Amino acid sequence: MVDRVRELIRVIEQFSRDENEDFPEERHIEVDRQIAIHARRVQLIQRSLTSFYVSLSLLVAATVAIGFVAVFSRTAWLPNTLGVAGTVFLFYGCVTLIAETRPALRSVKSEMGFTLMLRAKYQERRVGRD
């Protein structure tokens, strides 16, 4: 995703330099659409990674708490609570990554649609010249 965003930055910079670009309005609309999709994807991935890190921390804490229970028997509930919380965060991270696949797929479909539209416009132009 980072490479795609960097490529979009290059495209935007090229727009600002080259005013003779073919189909400029369509290109600007597509770049804007792609930036919006990638911004949403970044938010979902950030949430997912945060959830995975919290989950890992809770599951490690549950393991440490098992050793703690061996010393202090009054805290027998602690490992179970931490383990369940870690599992819940892990599940949330998985659900968030599943949600991230939707804008990723939308992005790919949009790029393919745009590419096919440009190809058709270039073919129309070529046929018009012949």
# chains A, B, ... in the order shown; residues from 1 in each chain; ligands from 1
call {"tool": "residues_around", "arguments": {"residues": "Phe15 (chain A)", "least_positions_apart": "4", "cutoff": "10 Å", "atoms": "only C-alpha atoms", "output": "list in words"}}
result
Ile9, Arg10, Val11, Glu19, Asn20, Glu21, Pro24, Arg27 and His28 of chain A
call {"tool": "residues_around", "arguments": {"residues": "Arg40 (chain A)", "least_positions_apart": "5", "cutoff": "9 Å", "atoms": "only C-alpha atoms", "output": "MDAnalysis selection string"}}
result
chainID A and resid 35 45 100 103
call {"tool": "atom_distance", "arguments": {"atom1": "CA of Gln43 (chain A)", "atom2": "CA of Thr87 (chain A)"}}
result
21.7 Å
call {"tool": "atom_distance", "arguments": {"atom1": "CA of Leu97 (chain A)", "atom2": "CA of Ser48 (chain A)"}}
result
6.1 Å
call {"tool": "atom_distance", "arguments": {"atom1": "CA of Ala39 (chain A)", "atom2": "CA of Val54 (chain A)"}}
result
22.9 Å
call {"tool": "residues_around", "arguments": {"residues": "Val88 (chain A)", "least_positions_apart": "2", "cutoff": "12 Å", "atoms": "only C-alpha atoms", "output": "PyMOL selection string"}}
result
chain A and resi 51-52+54-56+58-59+81-86+90-95
call {"tool": "closest_residue", "arguments": {"among": "A:Ala76, A:Leu118, A:Thr63, A:Glu13", "to": "Glu25 (chain A)", "atoms": "only C-alpha atoms"}}
result
A:Leu118
call {"tool": "closest_residue", "arguments": {"among": "A:Val5, A:Ile12, A:Val31, A:Leu49", "to": "Phe114 (chain A)", "atoms": "only C-alpha atoms"}}
result
A:Val31
call {"tool": "residues_around", "arguments": {"residues": "Ser110 (chain A)", "least_positions_apart": "4", "cutoff": "10 Å", "atoms": "only C-alpha atoms", "output": "number ranges by chain"}}
result
A: 30, 33-34, 37, 104-106, 114-116
call {"tool": "write_last_selection", "arguments": {"atoms": "N, CA, C and O atoms", "output": "short mmCIF file (atom, residue, chain, number, x, y, z; two decimals), in the first residue's frame"}}
result
data_model
loop_
_atom_site.label_atom_id
_atom_site.label_comp_id
_atom_site.auth_asym_id
_atom_site.auth_seq_id
_atom_site.Cartn_x
_atom_site.Cartn_y
_atom_site.Cartn_z
N GLU A 30 -9.74 9.86 -10.56
CA GLU A 30 -9.27 8.54 -10.13
C GLU A 30 -8.22 8.65 -9.02
O GLU A 30 -8.25 7.89 -8.05
N ARG A 33 -9.98 9.44 -5.83
CA ARG A 33 -10.69 8.26 -5.34
C ARG A 33 -9.70 7.29 -4.68
O ARG A 33 -9.96 6.76 -3.59
N GLN A 34 -8.56 7.08 -5.32
CA GLN A 34 -7.56 6.17 -4.77
C GLN A 34 -7.00 6.68 -3.44
O GLN A 34 -6.79 5.90 -2.51
N ILE A 37 -9.54 5.94 -0.71
CA ILE A 37 -9.57 4.52 -0.37
C ILE A 37 -8.35 4.14 0.46
O ILE A 37 -8.46 3.44 1.48
N ALA A 104 -9.53 -2.63 -0.06
CA ALA A 104 -8.42 -3.08 -0.92
C ALA A 104 -8.97 -3.61 -2.24
O ALA A 104 -8.47 -3.27 -3.31
N LEU A 105 -10.00 -4.42 -2.17
CA LEU A 105 -10.63 -4.95 -3.37
C LEU A 105 -11.27 -3.83 -4.18
O LEU A 105 -11.15 -3.80 -5.41
N ARG A 106 -11.92 -2.90 -3.51
CA ARG A 106 -12.53 -1.76 -4.20
C ARG A 106 -11.46 -0.95 -4.93
O ARG A 106 -11.67 -0.49 -6.05
N PHE A 114 -10.52 2.01 -14.28
CA PHE A 114 -9.90 3.22 -14.83
C PHE A 114 -8.97 2.86 -15.99
O PHE A 114 -8.98 3.50 -17.04
N THR A 115 -8.17 1.82 -15.81
CA THR A 115 -7.25 1.39 -16.86
C THR A 115 -8.01 0.97 -18.11
O THR A 115 -7.62 1.33 -19.23
N LEU A 116 -9.08 0.22 -17.93
CA LEU A 116 -9.89 -0.20 -19.08
C LEU A 116 -10.54 0.99 -19.77
O LEU A 116 -10.64 1.04 -21.00
#
